[in-house]
Amino acid sequence: METNKQKMTKKSKIVIGIIALVIIVGIIVTLTVGLNFDLRYQDSKRIELYLETDFNISDIKQITNEVMPGEQVIIQKVEVYEDTVSITAKDITDEQKQSIIDKANEKYGTELSADSVEVESVPNTRGRDIIKPYITPFAIATLIILVYMAIRYRKLGVVKTLLKTIIILVVAQVTLLSVMAITRIPIGFITIPLVITVYLLTLVGLTSYFEKQVANRKEEKTGK
Amino acid sequence: MKKIKLITIILAIVLVTMVAFFGVYVPIQNRMENKVKDYQYAMDLEGGRNIKLSVDNTSNTVIRDAEGNEVTDAGDLSDEELAEKGYTKEETPYNSEDVLNEENYIKTKKIIEKRLNALGVDNYETKVDETSGNIFVEIPENDITDSIVSNIGTTGKFEIVDSETQEVLMDNNDIKRVRVMYGADSTSTSSYGGTAVYIEIEFNKEGTDKLKDISSTYVESNTTNETNTTNITNATEDTNTADNTANTENTTSEDSSTDTETTTKEITMKIDDEEIMTTSFDETIETGTLQLSIGSATTDTSTLQSYISQATSIAVVLDNGNLPIRYTVEANEYILSDITQEELNIVLYVIIGLVALSLIVLIVRYKVEGLVNAFAYVGLASLFLLILRYTNVVISIESIFGIAVVLVLNYIFVNKLLSKLKIEEKVDRTVITKALKETYKEFFIRILPICIAVITFCFIQWEPISSFGMVMFWGIVLIALYNSTITNLLVRVKESKGGKNKNGNKQTKND
């Protein structure tokens with residue numbers, strides 16, 4: 001008969017194995033295919049159409065869907081009067097531009113011409129630029145948390161506690177990024193909130209784990 | 001009495017919920033206006049100012065005389081007139097071919113980012129096209145956006161030149177630090193002289209030495225020429241006795257006139273080739289700092305504010321180095337977020353749906369206690385949203401996640417509390433107090449690292465992270481206060497004087 005401890009070790013091994021596999025596959029995908037950046041962070045093309053009237057994003061979306069079916073497009077209103085639309089896509093060819101202009105003229109009664117609309121190249125945002133502002137806050141917070149953990153759970157061994165905390169925090173984040181790389185979830189608006197959420201959940205998990213260990217130690221001592 | 005208490009609390013919760021979700025509308029000029037403060041949205045949800053900086057391809061026209069010296073007052077002359085005077089016209093591109101490279105484009109982007117940080121812009125996005133050199137900047141739209149735009153496009157070239165020869169004596173490389181200072185005007189004799197604003201330029205070691213040399217060279221100097229008009233008689237007397245000599249001197253001084261010629265070597269301070277001031281030095285500066293006053297001393301707050309703003313702009317531009325390339329602002333427009341109100345509503349409905357589902361689970365699991373606490377939970381969520389409006393917390397995508405995390409944390413708290421009460425045989429005052437205390441202890445010990453992270457995030461000057469921190473901070477404070485008061489009261493409503501056992505039978509003292 002397997003004891004509880006043996007069962008736990010077996011379970012832990014399976015979990016660790018799955019995480020390791022996810023991380024390895026994630027690293028391979030990142031190195032070979034790369035991460036899937038959201039359109040707003042990619043090299044893209046942008047046009048602006050002065051429609052002279054208020055418009056619905058959904059109507060423009062319909063036009064872009066017809067001209068660029070299946071492509072991701074960012075549609076934004078420009079300026080306070082909201083009578084100009086900005087359309088961003090991975091690529092906008094001259095034909096696509098002409099088509100969009102024709103359809104917009106038809107829908108809004110404008111007389112836009114292809115010559116008056118310039119396709120602007122928008123460069124990508126580098127991954128390091130996206131994460132740069134978050135490095136310092138996370139580093140400071142983690143440092144203070146490590147000090148707290150080292151003091152509160154000193155009875156469990158300072159080095160052991162610190163190492164476990166650091167490793168688990170790092171592994172959790174790497175696992176998240178690996179999952180995003182494998183599942184091709186775009187690196188975009190929700191990436192940082194996801195990173196923060198996983199960070200906080202990991203902290204709660206770690207505290208619960210250490211608290212349990214402290215309680216077990218107490219129990220063992222009382223039992224003796 | 002308990003029923004009244006219960007009804008009052010429930011009515012209060014309903015009221016808060018109505019206000020939080022629907023607002024308070026009052027008629028103003030034939031229309032209904034919501035008097036509840038609006039949320040403040042961050043750049044990712046509201047949009048921002050999009051600025052496109054492109055490399056300046058224009059040229060600077062320099063007119064030189066036959067000797068090759070620059071002529072500054074011949075700008076209005078036609079080509080023929082210039083030729084007649086022997087002047088030549090040179091077209092010098094502002095950006096020479098050798099500065100237009102990837103390294104300088106990236107350097108420019110970094111300097112712009114430094115300026116944005118120094119100006120206190122707490123959310124921005126910068127992109128650089130490494131081929132064309134175009135730089136795209138997105139910053140939040142507010143009262144100071146225009147001033148920021150003017151600052152980021154400025155080259156920031158600082159020069160101290162000889163006002164005559166235009167020889168560059170000092171430049172940006174000599175600057176160590178630039179800061180804005182203000183204080184009582186020391187030059188004013190009046191006791192109510194107002195406040196003066198200064199820019200203090202602190203030079204590095206090399207700059208300090210240069211400044212010392214310049215300040216001892218570029219000084220006002222007086223040359224005295226005496227014109228002797230002494231007549232011959234006096235001159236004869238001069239050759240006699242010593243006393244006579246004295247007399248002669250007296251006579252001479254009476255008859256002679258003295259001309260004092262003042263020669264001044266001056267420096268001109270330039271920022272972006274624009275002359276800021278031309279001056280000379282009264283004394284040698286050995287401290288390595290220069291103070292430039294902005295405007296005059298004033299007691300008017302708005303004037304003072306405008307001086308501080310001007311001084312800050314100059315200081316920020318000089319303090320962070322000059323752009324290696326001259327740029328022009330090609331596009332400057334406000335573009336709304338691509339996240340529409342409809343998309344935000346979908347997120348809101350999803351959160352409401354999940355909350356409703358969780359509360360149903362709570363009610364099914366804990367029956368009446370669950371229902372009462374579900375009410376309390378809705379009250380907390382509504383109050384939380386109102387707090388976010390009135391504490392000016394900026395709502396970003398990160399903070400929406402923060403709101404969700406707070407709701408999850410409160411659910412965990414309530415669930416923990418109810419599960420503790422469920423296992424108790426009798427639910428009296430002592431039991432409730434004990435359960436609450438234990439729940440608080442367990443809950444806050446577990447989320448203490450979160451509290452540390454949240455407080456740290458609140459102090460970070462980066463809007464997405466600070467907004468998350470602020471949302472979480474108010475959420476955790478609310479969980480602590482609300483549950484110790486409202487939830488506590490609602491839980492106590494179920495308790496009977498003698499307490500109730502789990503079968504609902506009234507307990508006696510003997511129980």
# chains A, B, ... in the order shown; residues from 1 in each chain; ligands from 1

$ interface_residues --of "chain B" --to "chain A" --cutoff "7 Å" --atoms "only C-alpha atoms" --output "list in words"
Lys127, Val128, Asp129, Glu333, Tyr334, Ile335, Leu336, Ser337, Asp338, Glu398, Phe401, Arg446, Ile447, Pro449, Ile450, Ile452, Ala453, Thr456, Phe457, Ile460 and Trp462 of chain B

$ residues_around --residues "Leu35 of chain A" --least-positions-apart "4" --cutoff "12 Å" --atoms "only C-alpha atoms" --output "PyMOL selection string"
chain A and resi 26-31+41-42+126-127+177-188+191

$ select_by_dssp --residues "segment 1-217 of chain A" --states "strand (DSSP E or B)" --output "MDAnalysis selection string"
chainID A and resid 37 44:50 73:78 84:89 120:122 187

$ select_by_dssp --residues "segment 115-201 of chain A" --states "alpha helix (DSSP H)" --output "ChimeraX atom specification"
/A:127-152,158-183,191-201

$ residues_around --residues "Ile19 of chain A" --least-positions-apart "4" --cutoff "8 Å" --atoms "only C-alpha atoms" --output "PDB file with C-alpha atoms, in the first residue's frame"
ATOM      1  CA  VAL A  15       3.265  17.800 -12.141  1.00  0.00           C
ATOM      2  CA  ILE A  23       8.736  24.829 -20.584  1.00  0.00           C
ATOM      3  CA  THR A 175       5.428  28.317 -17.658  1.00  0.00           C
TER       4      THR A 175
END
